[in-house]
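Encoded as structure tokens, the structure appears first; notes follow it.
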Amino acid sequence: MKRTLSTIVVSICLLCVGLHAQEISSAPALPDSTERTALLMVHYGTTHNDTRSKTIDAINERARSTFPGWEVRECYLSPVVVSRLAARGVKKDLPLEALLQLRADGYRRVKVQPTCIIDGEEMEALRRDVARTASLFDEVRVGLPLTYSVDDCRLVANILASRHPADARQKRHVVFVGHGSSTPATALYSQMDYMLKAAGHMAHHVATIEGYPTFDTCLEQLKAAKARHIVLVPFLFVAGNHAVKDIAGEWRLRLEQEGFEVEVVLEGLGEVPEIQEMYIDHIKSLQKP
């Protein structure tokens with residue numbers, strides 16, 4: 001259903017691109033915008049107001065304060081989230097809509113920074129949308145997701161291990177639960193798990209809801225380590241539906257049924273100042289030639 005709705009929405013947007021492009025190219029650019037840069041912050045999105053203010057709104061404001069000369073706007077990648085918010089009277093653009101609006105407003109140079117965690121399906125979709133509108137701009141550049149390079153992953157591992165300490169001797173283990181992907185990008189989660197353990201964090205684990213490592217592979221590690229107390233932490237930018245329903249709901253229940261004491265930290269990665277700074281650094285990289 002999600003894929004069907006997404007396909008319908010994107011198809012409608014694409015039908016409009018040609019018409020908008022023709023209208024934009026024939027309209028005079030706004031004189032106060034042609035020499036300015038716009039920064040488009042791209043989020044998967046969430047329908048949860050509490051985590052939105054702590055994550056999406058927070059990184060948007062941090063971007064505004066870091067790049068005061070830029071026009072900072074946002075859009076959401078998920079047509080489902082956009083549709084549900086629209087039903088509440090909250091308007092959020094999809095990437096194609098946001099890009100077309102920036103061009104209509106006269107912006108010729110655009111930096112696009114996603115808050116994706118891995119270089120998976122959402123990043124692929126975003127790059128396709130940017131490619132479809134690239135001819136309308138003098139320059140449009142797309143930033144990297146959080147865990148793009150080995151150095152990125154190592155830094156994230158250190159940040160999370162410090163923020164959420166575990167203690168193997170006390171049988172207290174921490175599991176970072178990501179979304180997962182149907183693409184080869186899901187291998188990133190295994191890499192993160194390996195990096196944590198290679199750095200000596202043997203009681204830290206990474207698992208996914210819809211990818212690999214799975215709940216079962218993580219459960220095997222926890223049992224082998226004779227863990228007793230498990231802390232579940234979302235490896236997600238926002239602590240929204242997946243955090244509440246899958247992690248705090250299903251995963252917690254299944255672990256408790258296995259005899260573990262379970263604690264859930266409903267904190268999205270977007271709430272962590274050091275993680276926010278990594279995204280800001282990715283934006284700064286877009287300024288380089």
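Chain identifiers are assigned as A, B, and so on, following the order in which chains appear in the structure tokens; residues are numbered from 1 within each chain, and ligands are numbered from 1 in order of appearance.
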According to DSSP computed on the backbone, where in segment 9-205 of chain A is there helix (DSSP H, G or I)? Give the residues as a ChimeraX atom specification. /A:9-26,49-54,56-66,79-87,95-104,121-136,150-163,184-198
If you run DSSP on the backbone, which residues of segment 12-190 of chain A are strand (DSSP E or B), as JSON, numbers by chain? {"A": [37, 38, 39, 40, 41, 42, 43, 71, 72, 73, 74, 75, 76, 109, 110, 111, 112, 113, 114, 139, 140, 141, 142, 167, 172, 173, 174, 175, 176, 177, 178]}
Could you pull the residues within 8 Å of segment 227-229 of chain A, counting only C-alpha atoms, minus those fewer than 4 positions along the same chain, as a list in words?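 So, after excluding close chain neighbours, the residues are Ala168, Lys171, Arg172, His173, Leu222, Lys223, Gly259, Phe260, Glu261, Val262 and Glu263 of chain A.
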Need to verify the contact set: Thr55 of chain A, 8 Å, only C-alpha atoms, exclusion of same-chain residues closer than 3 positions in sequence. Can you return it as a PyMOL selection string? chain A and resi 51-52+58-59+237-238+268-271
Keeping only all heavy atoms, write those residues as a PDB file, in the first residue's frame.
```pdb
ATOM      1  N   THR A  51       8.475  14.043  18.925  1.00  0.00           N
ATOM      2  CA  THR A  51       9.794  13.745  18.387  1.00  0.00           C
ATOM      3  C   THR A  51      10.162  14.694  17.245  1.00  0.00           C
ATOM      4  O   THR A  51      11.333  14.968  17.016  1.00  0.00           O
ATOM      5  CB  THR A  51       9.891  12.275  17.930  1.00  0.00           C
ATOM      6  OG1 THR A  51      11.254  11.955  17.642  1.00  0.00           O
ATOM      7  CG2 THR A  51       9.038  12.014  16.697  1.00  0.00           C
ATOM      8  N   ARG A  52       9.164  15.208  16.507  1.00  0.00           N
ATOM      9  CA  ARG A  52       9.456  16.161  15.435  1.00  0.00           C
ATOM     10  C   ARG A  52      10.144  17.414  15.988  1.00  0.00           C
ATOM     11  O   ARG A  52      11.135  17.893  15.433  1.00  0.00           O
ATOM     12  CB  ARG A  52       8.183  16.572  14.701  1.00  0.00           C
ATOM     13  CG  ARG A  52       8.459  17.531  13.524  1.00  0.00           C
ATOM     14  CD  ARG A  52       7.194  18.134  12.940  1.00  0.00           C
ATOM     15  NE  ARG A  52       6.251  17.111  12.543  1.00  0.00           N
ATOM     16  CZ  ARG A  52       5.065  16.942  13.102  1.00  0.00           C
ATOM     17  NH1 ARG A  52       4.662  17.729  14.085  1.00  0.00           N
ATOM     18  NH2 ARG A  52       4.261  15.987  12.684  1.00  0.00           N
ATOM     19  N   ALA A  58      14.682  20.688  15.382  1.00  0.00           N
ATOM     20  CA  ALA A  58      15.960  21.051  16.007  1.00  0.00           C
ATOM     21  C   ALA A  58      17.083  21.156  14.983  1.00  0.00           C
ATOM     22  O   ALA A  58      17.862  22.120  14.999  1.00  0.00           O
ATOM     23  CB  ALA A  58      16.313  20.026  17.081  1.00  0.00           C
ATOM     24  N   ILE A  59      17.180  20.174  14.062  1.00  0.00           N
ATOM     25  CA  ILE A  59      18.257  20.227  13.072  1.00  0.00           C
ATOM     26  C   ILE A  59      18.004  21.340  12.059  1.00  0.00           C
ATOM     27  O   ILE A  59      18.949  21.978  11.580  1.00  0.00           O
ATOM     28  CB  ILE A  59      18.433  18.863  12.356  1.00  0.00           C
ATOM     29  CG1 ILE A  59      19.703  18.847  11.506  1.00  0.00           C
ATOM     30  CG2 ILE A  59      17.223  18.509  11.515  1.00  0.00           C
ATOM     31  CD1 ILE A  59      20.977  18.934  12.274  1.00  0.00           C
ATOM     32  N   PHE A 237      16.365   8.426  13.010  1.00  0.00           N
ATOM     33  CA  PHE A 237      16.493   9.866  13.216  1.00  0.00           C
ATOM     34  C   PHE A 237      15.424  10.389  14.159  1.00  0.00           C
ATOM     35  O   PHE A 237      15.681  11.251  14.994  1.00  0.00           O
ATOM     36  CB  PHE A 237      16.425  10.611  11.878  1.00  0.00           C
ATOM     37  CG  PHE A 237      16.740  12.075  12.013  1.00  0.00           C
ATOM     38  CD1 PHE A 237      18.051  12.513  12.162  1.00  0.00           C
ATOM     39  CD2 PHE A 237      15.733  13.030  12.010  1.00  0.00           C
ATOM     40  CE1 PHE A 237      18.354  13.854  12.316  1.00  0.00           C
ATOM     41  CE2 PHE A 237      16.009  14.377  12.154  1.00  0.00           C
ATOM     42  CZ  PHE A 237      17.329  14.788  12.306  1.00  0.00           C
ATOM     43  N   VAL A 238      14.194   9.878  14.018  1.00  0.00           N
ATOM     44  CA  VAL A 238      13.102  10.268  14.908  1.00  0.00           C
ATOM     45  C   VAL A 238      12.610   9.046  15.674  1.00  0.00           C
ATOM     46  O   VAL A 238      12.689   7.921  15.188  1.00  0.00           O
ATOM     47  CB  VAL A 238      11.918  10.907  14.135  1.00  0.00           C
ATOM     48  CG1 VAL A 238      12.354  12.150  13.398  1.00  0.00           C
ATOM     49  CG2 VAL A 238      11.293   9.898  13.169  1.00  0.00           C
ATOM     50  N   GLY A 268      15.349   9.747  19.457  1.00  0.00           N
ATOM     51  CA  GLY A 268      15.815   9.654  18.085  1.00  0.00           C
ATOM     52  C   GLY A 268      17.234  10.166  17.958  1.00  0.00           C
ATOM     53  O   GLY A 268      17.689  10.997  18.762  1.00  0.00           O
ATOM     54  N   LEU A 269      17.961   9.689  16.953  1.00  0.00           N
ATOM     55  CA  LEU A 269      19.325  10.166  16.735  1.00  0.00           C
ATOM     56  C   LEU A 269      19.362  11.670  16.516  1.00  0.00           C
ATOM     57  O   LEU A 269      20.347  12.332  16.847  1.00  0.00           O
ATOM     58  CB  LEU A 269      19.937   9.456  15.524  1.00  0.00           C
ATOM     59  CG  LEU A 269      20.212   7.957  15.658  1.00  0.00           C
ATOM     60  CD1 LEU A 269      20.819   7.428  14.366  1.00  0.00           C
ATOM     61  CD2 LEU A 269      21.122   7.670  16.828  1.00  0.00           C
ATOM     62  N   GLY A 270      18.280  12.214  15.966  1.00  0.00           N
ATOM     63  CA  GLY A 270      18.224  13.651  15.706  1.00  0.00           C
ATOM     64  C   GLY A 270      18.226  14.504  16.959  1.00  0.00           C
ATOM     65  O   GLY A 270      18.392  15.723  16.879  1.00  0.00           O
ATOM     66  N   GLU A 271      18.038  13.884  18.128  1.00  0.00           N
ATOM     67  CA  GLU A 271      18.080  14.623  19.384  1.00  0.00           C
ATOM     68  C   GLU A 271      19.494  14.774  19.923  1.00  0.00           C
ATOM     69  O   GLU A 271      19.729  15.581  20.832  1.00  0.00           O
ATOM     70  CB  GLU A 271      17.235  13.910  20.443  1.00  0.00           C
ATOM     71  CG  GLU A 271      15.768  13.786  20.109  1.00  0.00           C
ATOM     72  CD  GLU A 271      14.993  13.075  21.196  1.00  0.00           C
ATOM     73  OE1 GLU A 271      15.186  13.423  22.378  1.00  0.00           O
ATOM     74  OE2 GLU A 271      14.190  12.175  20.867  1.00  0.00           O
TER      75      GLU A 271
END
```
